[in-house]
$ cat query-v6.cif   # mmCIF, C-alpha atoms
data_run
loop_
_atom_site.label_atom_id
_atom_site.label_comp_id
_atom_site.auth_asym_id
_atom_site.auth_seq_id
_atom_site.Cartn_x
_atom_site.Cartn_y
_atom_site.Cartn_z
CA MET A 24 28.89 5.11 32.93
CA THR A 25 30.77 7.57 30.82
CA LEU A 26 32.03 6.31 27.54
CA LEU A 27 34.02 9.24 26.27
CA ALA A 28 37.77 9.27 26.17
CA GLU A 29 39.66 10.36 29.22
CA MET A 30 43.14 9.57 27.97
CA ALA A 31 44.89 12.42 26.16
CA LEU A 32 46.23 11.58 22.74
CA ASP A 33 50.02 11.50 22.59
CA VAL A 34 52.43 10.23 19.98
CA LYS A 35 53.75 7.30 21.97
CA HIS A 36 50.34 5.76 22.53
CA LEU A 37 49.40 6.47 18.93
CA CYS A 38 52.45 4.61 17.62
CA GLN A 39 51.65 1.61 19.81
CA CYS A 40 48.01 1.51 18.76
CA ALA A 41 47.27 -1.21 16.21
CA THR A 42 44.03 0.49 15.17
CA PHE A 43 45.97 3.59 14.15
CA TRP A 44 48.32 1.59 11.94
CA SER A 45 45.38 -0.37 10.57
CA LEU A 46 43.73 2.91 9.54
CA VAL A 47 46.94 4.20 7.94
CA VAL A 48 47.46 1.00 5.95
CA GLY A 49 43.77 0.87 5.05
CA VAL A 50 43.80 4.45 3.75
CA VAL A 51 46.80 3.74 1.52
CA GLY A 52 45.25 0.51 0.28
CA LEU A 53 41.93 2.18 -0.53
CA CYS A 54 43.68 4.99 -2.40
CA LEU A 55 45.37 2.36 -4.57
CA LEU A 56 42.25 0.29 -5.01
CA LEU A 57 39.74 2.98 -5.99
CA PRO A 58 39.22 3.52 -9.72
CA ALA A 59 41.92 5.63 -11.27
CA ARG A 60 43.26 6.53 -14.65
CA ARG A 61 46.05 4.01 -14.42
CA ARG A 62 45.53 0.89 -12.44
CA PHE A 63 48.74 -0.55 -11.16
CA GLY A 64 47.97 -1.04 -7.50
CA LYS A 65 45.00 -3.38 -7.61
CA TRP A 66 46.70 -6.36 -6.01
CA LEU A 67 48.86 -4.22 -3.76
CA GLY A 68 45.81 -2.30 -2.56
CA GLY A 69 43.94 -5.52 -1.82
CA LEU A 70 46.93 -6.86 0.10
CA LEU A 71 47.24 -3.66 2.14
CA LEU A 72 43.53 -3.74 2.96
CA ALA A 73 43.84 -7.37 4.09
CA VAL A 74 46.72 -6.33 6.36
CA ALA A 75 44.59 -3.45 7.70
CA ALA A 76 41.69 -5.81 8.40
CA GLY A 77 44.03 -8.17 10.23
CA LEU A 78 45.43 -5.34 12.37
CA LEU A 79 41.95 -4.09 13.21
CA ALA A 80 40.77 -7.58 14.15
CA TYR A 81 43.89 -8.00 16.30
CA ASP A 82 43.11 -4.81 18.20
CA LEU A 83 39.42 -5.51 18.78
CA PRO A 84 38.52 -7.07 22.13
CA LEU A 85 37.75 -10.78 22.02
CA LEU A 86 34.20 -11.94 22.50
CA GLY A 87 35.02 -14.85 24.77
CA ASP A 88 34.18 -18.07 22.98
CA TRP A 89 36.00 -19.12 19.86
CA LEU A 90 33.05 -20.32 17.81
CA GLY A 91 31.17 -17.04 18.23
CA GLN A 92 34.37 -15.07 17.69
CA SER A 93 35.23 -16.76 14.40
CA LEU A 94 31.62 -16.43 13.22
CA TYR A 95 31.66 -12.71 14.02
CA TRP A 96 34.96 -12.24 12.20
CA ILE A 97 33.71 -14.08 9.11
CA LEU A 98 30.51 -12.01 8.98
CA ALA A 99 32.36 -8.73 9.53
CA PHE A 100 34.91 -9.69 6.86
CA ILE A 101 32.12 -10.42 4.35
CA THR A 102 30.39 -7.12 5.16
CA LEU A 103 33.46 -4.90 4.98
CA GLY A 104 35.15 -6.74 2.10
CA ALA A 105 32.04 -6.54 -0.05
CA ALA A 106 31.68 -2.87 0.90
CA VAL A 107 35.24 -2.22 -0.33
CA ALA A 108 34.44 -4.09 -3.55
CA THR A 109 31.28 -1.98 -3.96
CA ILE A 110 33.12 1.30 -3.94
CA SER A 111 36.08 0.06 -5.98
CA SER A 112 34.47 -1.90 -8.81
CA GLN A 113 34.35 -0.06 -12.10
CA SER A 114 31.01 -1.30 -13.33
CA PRO A 115 27.85 -0.17 -11.51
CA VAL A 116 26.31 -3.60 -12.08
CA TYR A 117 29.10 -5.24 -10.13
CA SER A 118 28.81 -2.48 -7.53
CA ALA A 119 25.16 -3.32 -6.97
CA ILE A 120 25.85 -7.04 -6.70
CA TRP A 121 28.69 -6.48 -4.23
CA PHE A 122 26.41 -4.19 -2.24
CA ALA A 123 23.86 -7.00 -2.03
CA THR A 124 26.62 -9.28 -0.73
CA SER A 125 27.56 -6.67 1.85
CA LEU A 126 23.92 -6.50 2.92
CA LEU A 127 23.85 -10.25 3.40
CA GLY A 128 26.86 -9.95 5.70
CA ALA A 129 25.22 -7.09 7.60
CA ALA A 130 22.04 -9.15 7.96
CA GLY A 131 24.19 -11.94 9.37
CA LEU A 132 25.59 -9.51 11.93
CA PHE A 133 22.03 -8.48 12.85
CA PHE A 134 21.17 -12.15 13.39
CA TYR A 135 24.30 -12.52 15.48
CA ASN A 136 23.08 -9.69 17.72
CA GLY A 137 19.73 -11.37 18.11
CA ALA A 138 17.74 -9.01 15.87
CA GLN A 139 15.88 -11.62 13.86
CA PHE A 140 13.24 -9.42 12.30
CA ILE A 141 15.70 -6.74 11.25
CA GLY A 142 17.94 -9.33 9.62
CA VAL A 143 15.11 -10.75 7.54
CA ALA A 144 13.79 -7.27 6.72
CA THR A 145 17.25 -6.20 5.57
CA ILE A 146 17.50 -9.12 3.18
CA VAL A 147 13.95 -8.74 1.87
CA VAL A 148 13.75 -4.96 1.60
CA TYR A 149 17.32 -4.06 0.70
CA ALA A 150 18.68 -7.01 -1.23
CA GLY A 151 15.31 -8.03 -2.60
CA ALA A 152 13.80 -4.71 -3.57
CA ILE A 153 16.19 -1.79 -3.44
CA VAL A 154 19.18 -3.44 -5.12
CA VAL A 155 16.95 -4.89 -7.85
CA THR A 156 15.51 -1.41 -8.45
CA PHE A 157 19.03 -0.03 -8.69
CA LEU A 158 19.91 -2.74 -11.21
CA PHE A 159 16.81 -1.87 -13.25
CA VAL A 160 17.87 1.75 -13.41
CA VAL A 161 21.40 0.78 -14.39
CA MET A 162 20.03 -1.31 -17.23
CA LEU A 163 17.68 1.48 -18.32
CA ALA A 164 20.07 4.38 -18.08
CA GLN A 165 23.42 2.84 -18.93
CA PRO A 166 22.83 -0.24 -21.06
CA GLU A 167 26.38 -0.30 -22.42
CA GLY A 168 27.72 -1.15 -18.98
CA HIS A 169 31.13 0.45 -18.81
CA SER A 170 31.71 4.16 -19.11
CA ALA A 171 34.64 6.50 -18.73
CA TYR A 172 33.34 8.30 -15.64
CA ASP A 173 33.42 5.03 -13.71
CA ARG A 174 37.07 4.47 -14.58
CA LEU A 175 38.26 7.91 -13.56
CA THR A 176 36.87 9.52 -10.46
CA TRP A 177 37.14 13.21 -9.59
CA GLY A 178 40.93 13.01 -9.95
CA GLY A 179 43.82 12.02 -7.76
CA MET A 180 43.70 14.70 -5.09
CA PRO A 181 39.96 14.63 -4.30
CA LYS A 182 40.17 10.85 -4.06
CA VAL A 183 43.02 10.93 -1.55
CA LEU A 184 41.35 13.70 0.44
CA GLY A 185 38.06 11.80 0.61
CA VAL A 186 39.73 8.61 1.82
CA VAL A 187 41.83 10.48 4.39
CA THR A 188 38.72 12.29 5.69
CA ALA A 189 36.91 9.03 6.22
CA GLY A 190 39.99 7.52 7.88
CA LEU A 191 40.21 10.48 10.27
CA LEU A 192 36.51 10.09 11.07
CA VAL A 193 36.98 6.44 12.04
CA GLY A 194 40.08 7.35 14.04
CA ILE A 195 38.22 10.00 16.03
CA LEU A 196 35.32 7.63 16.68
CA MET A 197 37.67 4.89 17.89
CA GLN A 198 39.56 7.32 20.10
CA SER A 199 36.35 8.59 21.66
CA LEU A 200 35.40 5.01 22.59
CA ASP A 201 38.67 4.58 24.46
CA ARG A 202 37.16 4.00 27.87
CA LEU A 203 34.61 1.52 26.54
CA LYS A 204 37.47 -0.43 25.00
CA ARG A 205 39.33 -0.66 28.29
CA GLU A 206 36.17 -1.95 29.95
CA ALA A 207 35.77 -4.46 27.14
CA LEU A 208 39.35 -5.66 27.56
CA ALA A 209 38.87 -6.26 31.29
CA PRO A 210 38.39 -9.91 32.21
CA VAL A 211 34.79 -10.99 32.61
CA THR A 212 33.70 -13.47 35.25
CA ALA A 213 31.46 -16.37 34.39
CA GLU A 214 28.82 -14.99 36.74
CA THR A 215 28.57 -11.71 34.83
CA ILE A 216 28.19 -13.61 31.59
CA ALA A 217 25.47 -15.77 33.10
CA VAL A 218 23.64 -12.72 34.47
CA THR A 219 23.69 -10.81 31.16
CA ARG A 220 22.64 -13.96 29.35
CA ALA A 221 19.71 -14.42 31.72
CA ASN A 222 18.76 -10.76 31.28
CA LEU A 223 18.72 -11.16 27.52
CA ALA A 224 16.81 -14.43 27.56
CA GLY A 225 14.32 -13.33 30.21
CA GLU A 226 10.75 -12.17 29.73
CA GLY A 227 10.68 -9.37 27.13
CA GLY A 228 14.36 -9.84 26.31
CA ILE A 229 15.94 -9.88 22.90
CA LEU A 230 17.06 -13.52 23.01
CA ASN A 231 13.73 -14.72 24.39
CA PRO A 232 11.89 -17.16 22.07
CA LYS A 233 9.00 -14.66 22.03
CA HIS A 234 11.22 -12.15 20.23
CA MET A 235 8.79 -11.41 17.42
CA ALA A 236 5.79 -11.06 19.73
CA THR A 237 7.64 -8.59 21.93
CA LEU A 238 8.85 -6.63 18.92
CA GLY A 239 5.33 -6.42 17.53
CA ARG A 240 3.98 -5.31 20.90
CA HIS A 241 6.53 -2.52 21.15
CA LEU A 242 5.91 -1.54 17.55
CA TRP A 243 2.14 -1.32 17.85
CA THR A 244 1.89 0.25 21.30
CA GLU A 245 4.76 2.65 21.97
CA GLN A 246 5.53 3.40 18.34
CA LEU A 247 1.97 3.41 17.00
CA VAL A 248 2.01 7.04 15.88
CA SER A 249 5.43 6.57 14.30
CA ILE A 250 4.22 3.52 12.39
CA GLU A 251 1.27 5.48 11.01
CA LEU A 252 3.61 8.29 10.06
CA ALA A 253 5.98 5.87 8.35
CA GLY A 254 3.10 4.40 6.36
CA THR A 255 1.99 7.89 5.33
CA LEU A 256 5.56 8.68 4.33
CA LEU A 257 5.69 5.59 2.12
CA LEU A 258 2.42 6.61 0.46
CA VAL A 259 3.62 10.17 -0.13
CA ALA A 260 6.90 8.88 -1.56
CA LEU A 261 4.98 6.56 -3.89
CA VAL A 262 2.73 9.37 -5.13
CA GLY A 263 5.69 11.69 -5.48
CA ALA A 264 7.69 9.14 -7.45
CA VAL A 265 4.81 8.57 -9.87
CA ALA A 266 4.19 12.31 -10.22
CA MET A 267 7.85 13.03 -10.91
CA ALA A 268 8.19 10.15 -13.36
CA SER A 269 5.23 11.40 -15.42
CA PHE A 270 6.18 15.07 -15.19
CA GLY A 271 7.16 16.78 -18.42
CA ARG A 272 5.59 14.27 -20.75
CA PRO A 273 3.05 15.67 -23.26
CA ARG A 274 -0.53 14.75 -22.49
CA LEU A 275 -2.54 12.47 -24.71
CA GLY A 276 -4.74 15.27 -26.07
CA ASP A 277 -1.73 17.39 -26.95
CA ARG A 278 -0.12 14.50 -28.75
CA ILE A 279 -3.32 13.87 -30.77
CA ASP A 280 -3.46 17.55 -31.73
CA GLU A 281 0.14 17.44 -32.80
CA ALA A 282 -0.42 14.29 -34.83
CA LEU A 283 -3.45 15.75 -36.61
CA GLN A 284 -1.65 19.05 -37.32
CA ILE A 285 -4.70 21.08 -36.36
CA THR A 286 -4.97 24.43 -38.12
CA PRO A 287 -7.10 27.27 -36.73
CA ALA A 288 -9.53 26.88 -39.62
CA ALA A 289 -10.42 23.38 -38.49
CA GLN A 290 -11.74 24.63 -35.17
CA THR A 291 -15.35 25.47 -34.64
CA LYS A 292 -16.33 28.72 -33.01
CA ASP A 293 -16.70 27.31 -29.49
CA GLY A 294 -13.21 25.89 -29.56
CA VAL A 295 -14.07 22.22 -29.83
CA ILE A 296 -11.99 20.40 -32.37
CA GLU A 297 -13.97 18.24 -34.75
CA GLY A 298 -13.15 14.62 -35.08
CA VAL A 299 -11.01 14.44 -31.95
CA PRO A 300 -12.61 12.75 -28.97
CA ARG A 301 -12.21 14.73 -25.80
CA MET B 21 30.18 -13.89 25.74
CA SER B 22 31.23 -10.49 26.97
CA GLU B 23 28.51 -8.00 26.08
CA ILE B 24 30.75 -4.93 26.28
CA ALA B 25 33.23 -6.55 23.88
CA LEU B 26 30.38 -7.35 21.50
CA LEU B 27 29.18 -3.75 21.72
CA TYR B 28 32.67 -2.46 20.96
CA ASN B 29 33.02 -4.82 18.00
CA ASN B 30 29.65 -3.71 16.64
CA LEU B 31 30.56 -0.06 16.99
CA ALA B 32 33.89 -0.60 15.22
CA VAL B 33 32.43 -2.56 12.30
CA GLY B 34 29.54 -0.11 11.96
CA GLY B 35 31.89 2.86 11.99
CA VAL B 36 34.12 1.34 9.31
CA LEU B 37 31.05 0.52 7.19
CA PHE B 38 29.88 4.13 7.53
CA ALA B 39 33.35 5.39 6.54
CA LEU B 40 33.44 3.13 3.46
CA GLY B 41 30.06 4.48 2.37
CA LEU B 42 31.31 8.02 2.94
CA ILE B 43 34.38 7.36 0.79
CA GLY B 44 32.23 5.96 -1.98
CA PHE B 45 29.86 8.92 -1.85
CA LEU B 46 32.70 11.42 -1.99
CA VAL B 47 34.85 9.67 -4.58
CA ARG B 48 32.58 7.96 -7.08
CA ARG B 49 30.86 9.86 -9.88
CA ASN B 50 28.21 7.40 -10.96
CA MET B 51 24.91 8.51 -9.40
CA ILE B 52 23.77 4.91 -8.87
CA VAL B 53 26.94 4.04 -6.97
CA MET B 54 26.62 7.23 -4.94
CA PHE B 55 23.17 6.23 -3.75
CA LEU B 56 24.32 2.69 -3.02
CA CYS B 57 26.98 4.25 -0.79
CA ALA B 58 24.34 6.35 0.98
CA GLU B 59 22.48 3.12 1.76
CA MET B 60 25.74 1.62 2.99
CA MET B 61 26.16 4.46 5.48
CA LEU B 62 22.65 3.74 6.75
CA GLN B 63 23.65 0.09 7.24
CA GLY B 64 26.58 1.14 9.41
CA ILE B 65 24.26 3.23 11.58
CA ALA B 66 21.77 0.36 11.82
CA LEU B 67 24.52 -1.94 13.08
CA ASN B 68 25.42 0.62 15.77
CA LEU B 69 21.81 0.95 16.90
CA ILE B 70 21.28 -2.79 17.12
CA GLY B 71 24.51 -3.19 19.09
CA TRP B 72 23.40 -0.55 21.57
CA GLY B 73 19.96 -2.13 21.86
CA ARG B 74 21.46 -5.48 22.71
CA TYR B 75 23.79 -3.93 25.27
CA HIS B 76 20.91 -2.12 26.96
CA GLY B 77 18.93 -5.36 27.00
CA SER B 78 21.78 -7.22 28.67
CA GLN B 79 22.11 -4.58 31.41
CA VAL B 80 18.33 -4.24 31.97
CA LEU B 81 18.45 -0.60 30.96
CA PRO B 82 15.42 1.08 29.38
CA GLY B 83 15.32 1.22 25.61
CA ALA B 84 16.43 -2.31 24.81
CA TRP B 85 14.03 -2.41 21.87
CA GLY B 86 14.47 1.21 20.87
CA GLY B 87 17.44 0.39 18.65
CA GLN B 88 15.48 -2.14 16.64
CA MET B 89 12.50 0.22 16.37
CA LEU B 90 14.78 2.93 14.99
CA VAL B 91 16.27 0.50 12.48
CA ILE B 92 12.79 -0.42 11.25
CA PHE B 93 12.09 3.26 10.59
CA ILE B 94 15.50 3.67 8.98
CA ILE B 95 14.61 0.87 6.55
CA THR B 96 11.26 2.54 5.82
CA VAL B 97 12.80 5.92 5.12
CA ALA B 98 15.55 4.29 3.06
CA ALA B 99 12.92 2.61 0.89
CA CYS B 100 11.17 5.96 0.32
CA GLU B 101 14.49 7.61 -0.42
CA ALA B 102 15.43 4.89 -2.89
CA GLY B 103 12.14 5.26 -4.75
CA ILE B 104 12.45 9.03 -5.06
CA ALA B 105 16.15 8.79 -5.93
CA MET B 106 15.48 6.27 -8.68
CA VAL B 107 12.96 8.61 -10.30
CA LEU B 108 15.31 11.58 -10.04
CA ILE B 109 18.23 9.59 -11.47
CA LEU B 110 16.07 8.32 -14.32
CA MET B 111 14.93 11.86 -15.17
CA LEU B 112 18.49 13.17 -15.02
CA ALA B 113 19.79 10.27 -17.12
CA ARG B 114 17.01 10.86 -19.65
CA LYS B 115 18.06 14.50 -20.02
CA SER B 116 21.84 14.13 -20.05
CA GLY B 117 22.11 10.63 -21.46
CA LYS B 118 24.49 9.39 -18.80
CA LEU B 119 24.67 8.67 -15.09
CA ASP B 120 27.61 10.98 -14.54
CA SER B 121 27.05 13.50 -11.77
CA ALA B 122 29.65 15.78 -13.39
CA ALA B 123 27.14 16.34 -16.18
CA TRP B 124 25.20 18.54 -13.73
CA GLN B 125 28.07 20.73 -12.64
CA ASP B 126 26.27 23.79 -13.99
CA LEU B 127 24.67 23.83 -10.55
CA ARG B 128 28.00 24.52 -8.87
CA GLU B 129 28.76 27.59 -6.83
CA GLU B 130 29.69 30.87 -8.44
CA GLY B 131 33.41 31.32 -8.98
CA VAL B 132 34.28 27.63 -8.79
CA PRO B 133 36.11 26.50 -11.91
CA ALA B 134 34.50 23.85 -14.05
CA PHE B 135 35.62 20.26 -13.64
CA VAL B 136 37.14 18.90 -16.82
CA ASP B 137 38.35 15.37 -17.41
CA ARG B 138 41.89 15.75 -18.54
CA GLN B 139 42.60 12.30 -19.92
CA VAL B 140 39.89 9.77 -20.55
CA PRO B 141 41.41 6.30 -20.42
CA GLU B 142 40.76 3.60 -22.95
CA GLU B 143 38.78 0.61 -21.86
CA ARG B 144 40.79 -2.52 -21.38
CA ILE B 145 39.77 -5.85 -22.79
CA GLU B 146 39.87 -7.56 -19.42
CA ASP B 147 37.30 -5.08 -18.12
CA ARG B 148 34.79 -6.33 -20.66
CA VAL B 149 34.04 -9.45 -18.68
CA TRP B 150 30.43 -10.18 -17.91
CA PRO B 151 28.97 -12.80 -15.64
CA HIS B 152 28.15 -16.09 -17.30
CA LEU B 153 25.13 -18.18 -16.46
CA THR B 154 25.77 -21.85 -15.90
CA PRO B 155 24.15 -23.95 -18.66
CA ALA B 156 21.32 -25.92 -17.10
CA GLY B 157 19.09 -28.71 -18.40
CA ILE B 158 19.31 -30.69 -21.60
CA GLU B 159 18.97 -29.21 -25.05
CA PRO B 160 15.72 -30.48 -26.55
CA PRO B 161 15.86 -32.49 -29.80
CA HIS B 162 15.44 -30.30 -32.87
CA ASP B 163 13.25 -31.15 -35.78
CA PRO B 164 15.38 -30.57 -38.91
CA GLU B 165 12.30 -29.98 -41.05
CA GLU B 166 11.29 -27.12 -38.82
CA PHE B 167 14.48 -25.30 -39.70
CA ILE B 168 13.83 -25.77 -43.41
CA HIS B 169 10.14 -24.95 -43.59
CA ARG B 170 9.87 -22.52 -40.68
CA PRO B 171 6.17 -23.32 -40.32
CA ARG B 172 5.46 -20.60 -37.80
CA VAL B 173 6.62 -17.74 -39.97
#
$ encode --input "query-v6.cif" --output "C-alpha cells"
Amino acid sequence: MTLLAEMALDVKHLCQCATFWSLVVGVVGLCLLLPARRRFGKWLGGLLLAVAAGLLAYDLPLLGDWLGQSLYWILAFITLGAAVATISSQSPVYSAIWFATSLLGAAGLFFYNGAQFIGVATIVVYAGAIVVTFLFVVMLAQPEGHSAYDRLTWGGMPKVLGVVTAGLLVGILMQSLDRLKREALAPVTAETIAVTRANLAGEGGILNPKHMATLGRHLWTEQLVSIELAGTLLLVALVGAVAMASFGRPRLGDRIDEALQITPAAQTKDGVIEGVPR
Amino acid sequence: MSEIALLYNNLAVGGVLFALGLIGFLVRRNMIVMFLCAEMMLQGIALNLIGWGRYHGSQVLPGAWGGQMLVIFIITVAACEAGIAMVLILMLARKSGKLDSAAWQDLREEGVPAFVDRQVPEERIEDRVWPHLTPAGIEPPHDPEEFIHRPRV
C-alpha cells in the first residue's frame, strides 16, 4: 500500500484541517513559553499549548475502545507535556528531571505498543543512567544552578525561526501521511480487529506471552553480528571517554619534578634524577 | 483496536516529540539541555519504529521485530554518545567555566558576526526556588552534654 499523500494541498482544506490550526497555535504558544529576556507569556503560552494539544487529539483517529484511547491520550500528554517543560524550563536541573518524566511517558507508550523489553530498557538506561549522568555534570560544571544564558536564548528572531521550522517539519510529515490517515478513519469491522489481534498474539507475535524469548531469539540469531558490533562500540566509547577525560593533565612524574624544582645541576650524567622514584 | 489508527497516533506523537527536541536543540544555549534534546529526538524516532513494528506484526508482514531491534541499537548508540558527550562537555566547561555554547563561538564561520548578548536580565526571586525534600523519620533525642563537651573533637 502506498502511504504518501495523493491529495494536493489547497487553502480550503488547510483551513478546515484541525492539525494545521493545532500547529499554528502550538508554534505561538512555544514562542511565548521558551525562555526570553522578559517573561510575560508564561501562562498564555501554556494555555495556547493546551489548546493545541486538544486540537491535535481531536484530529487524530480514534483507537476504538475508550479505555485504551484514554490511556493512550494520558501517556501521550505526559510525554509531550514533559518534553515542552524540558525545553522551556530555565534551570538545567529541572530540564533533566522533566526529561526523565518525558522518558517515563515514552516508556509507557512503548508498553502500550507491546514492546515490553524496550520500555524497561528505556527506563533503566535513559532515566536510570543517562539522566543521572547529565545531572552529575550539571552539578560539576554549573553548581550555582541558574545562569544568564539559560534565561536568554539566542535572541528573539532565532527562537521564532527555530520553532517555525519545527512546526513546518511536523506539518509536512502529517501531510505526507494523508492517505494513511484516511485509511485509519475508515470504519473497522470486528472481524478485522479479531484477525489482527490473533496475528499479534500468535506464535512469534509481539503480544504473545513468549515475547521476551522471541526477542532474544531474533537478537541472537539474525542480529548477532550487530550485537557484537554494538558491544565493541560501547567498549570503544568507554575507552575514548576515559582517554579524553585524562587528556591534558600533567603526568605524575612531571608533577613530582615540578614540586621538587629540579635544577640541571641536580641531574646525574645519565639523566636519572636522584631521589625521585621512577 | 484499529491497528492503522494506532500506527497513525504513534507516528503523530513521535513526530511531535522529534520536533520538540529539534526546537530545544536549535533554541537553547546550555550544552546539557542541547544534548537532552538530542536524546529526545531519538525517543521520537524510537516511538515511530516501534509503531511500525507493531503494525507489521499485525498484518503478518516481514520485519515485525525489526523495529524493536533497531530501537535496542538506538539505545546502545545513545548511551555511547551520552558518555562521550559528557566528557566533551566537562572538558569544555573546565576550560571556559560555563556550559554556554556561545562561549565557543570562535569556531564560527569566517565573515559571520560575533554573537553578543545585548541585555542580560536580572534573576528574579521566584526563580530561586529549589526542590524541597519531605522531612522523614523522627529526630533522635539529643544529649545536651554532648553539645557542651563535644567529646569527639
$ closest_residue --input "query-v6.cif" --among "B:Gly64, B:Gly71, B:Gly87, B:Gly41" --to "B:Ile24" --atoms "only C-alpha atoms"
B:Gly71
$ residues_around --input "query-v6.cif" --residues "B:Val80" --least-positions-apart "6" --cutoff "9 Å" --atoms "only C-alpha atoms" --output "NGL selection string"
:A and (219 or 222-223 or 228)
$ interface_residues --input "query-v6.cif" --of "chain A" --to "chain B" --cutoff "6 Å" --atoms "all atoms listed in the file" --output "MDAnalysis selection string"
chainID A and resid 84 86:87 110 164 176 182 185:186 189 207 219 222:223 257 260 264 268
$ write_last_selection --input "query-v6.cif" --atoms "C-alpha atoms" --output "mmCIF file, keeping the file's coordinate frame"
data_model
loop_
_atom_site.group_PDB
_atom_site.id
_atom_site.type_symbol
_atom_site.label_atom_id
_atom_site.label_comp_id
_atom_site.auth_asym_id
_atom_site.auth_seq_id
_atom_site.Cartn_x
_atom_site.Cartn_y
_atom_site.Cartn_z
ATOM 1 C CA PRO A 84 38.520 -7.070 22.130
ATOM 2 C CA LEU A 86 34.200 -11.940 22.500
ATOM 3 C CA GLY A 87 35.020 -14.850 24.770
ATOM 4 C CA ILE A 110 33.120 1.300 -3.940
ATOM 5 C CA ALA A 164 20.070 4.380 -18.080
ATOM 6 C CA THR A 176 36.870 9.520 -10.460
ATOM 7 C CA LYS A 182 40.170 10.850 -4.060
ATOM 8 C CA GLY A 185 38.060 11.800 0.610
ATOM 9 C CA VAL A 186 39.730 8.610 1.820
ATOM 10 C CA ALA A 189 36.910 9.030 6.220
ATOM 11 C CA ALA A 207 35.770 -4.460 27.140
ATOM 12 C CA THR A 219 23.690 -10.810 31.160
ATOM 13 C CA ASN A 222 18.760 -10.760 31.280
ATOM 14 C CA LEU A 223 18.720 -11.160 27.520
ATOM 15 C CA LEU A 257 5.690 5.590 2.120
ATOM 16 C CA ALA A 260 6.900 8.880 -1.560
ATOM 17 C CA ALA A 264 7.690 9.140 -7.450
ATOM 18 C CA ALA A 268 8.190 10.150 -13.360
#
$ atom_distance --input "query-v6.cif" --atom1 "atom CA of A:Ala99" --atom2 "atom CA of A:Tyr117"
20.2 Å
$ residues_near_point --input "query-v6.cif" --point "(49.1, -5.8, -2.1)" --cutoff "12 Å" --atoms "all atoms listed in the file" --output "ChimeraX atom specification"
/A:48-49,51-53,55-56,63-75
$ atom_distance --input "query-v6.cif" --atom1 "atom CA of A:Ile141" --atom2 "atom CA of A:Met235"
10.4 Å
$ atom_distance --input "query-v6.cif" --atom1 "atom CA of A:Ser45" --atom2 "atom CA of A:Leu79"
5.7 Å
$ residues_around --input "query-v6.cif" --residues "stretch 103-106 of chain A" --least-positions-apart "2" --cutoff "6 Å" --atoms "all atoms listed in the file" --output "list in words"
Phe100, Ile101, Ala108, Thr109, Trp121 and Ser125 of chain A
$ write_last_selection --input "query-v6.cif" --atoms "C-alpha atoms" --output "mmCIF file, in the frame of the given file"
data_model
loop_
_atom_site.group_PDB
_atom_site.id
_atom_site.type_symbol
_atom_site.label_atom_id
_atom_site.label_comp_id
_atom_site.auth_asym_id
_atom_site.auth_seq_id
_atom_site.Cartn_x
_atom_site.Cartn_y
_atom_site.Cartn_z
ATOM 1 C CA PHE A 100 34.910 -9.690 6.860
ATOM 2 C CA ILE A 101 32.120 -10.420 4.350
ATOM 3 C CA ALA A 108 34.440 -4.090 -3.550
ATOM 4 C CA THR A 109 31.280 -1.980 -3.960
ATOM 5 C CA TRP A 121 28.690 -6.480 -4.230
ATOM 6 C CA SER A 125 27.560 -6.670 1.850
#
$ resolve_selection --input "query-v6.cif" --expression "the PyMOL selection byres ((chain A and resi 95) around 9)" --output "PyMOL selection string"
(chain A and resi 86+90-94+96-100+131-132+135) or (chain B and resi 29)
$ closest_residue --input "query-v6.cif" --among "A:Leu83, A:Gly263, A:Ala119, A:Ala171" --to "A:Leu203" --atoms "only C-alpha atoms"
A:Leu83
$ residues_near_point --input "query-v6.cif" --point "(4.5, -2.1, 15.4)" --cutoff "12 Å" --atoms "all atoms listed in the file" --output "VMD selection string"
(chain A and resid 140 235 to 254) or (chain B and resid 85 to 86 88 to 90 92 to 93)
$ closest_residue --input "query-v6.cif" --among "A:Ala41, A:Ala224, A:Leu32, A:Val154" --to "A:Tyr81" --atoms "all atoms listed in the file"
A:Ala41
$ closest_residue --input "query-v6.cif" --among "A:Val218, A:Leu37, A:Leu283, A:Val116" --to "A:His169" --atoms "only C-alpha atoms"
A:Val116
$ closest_residue --input "query-v6.cif" --among "A:Ala80, A:Val47, A:Leu158, A:Leu85" --to "A:Glu206" --atoms "all atoms listed in the file"
A:Leu85
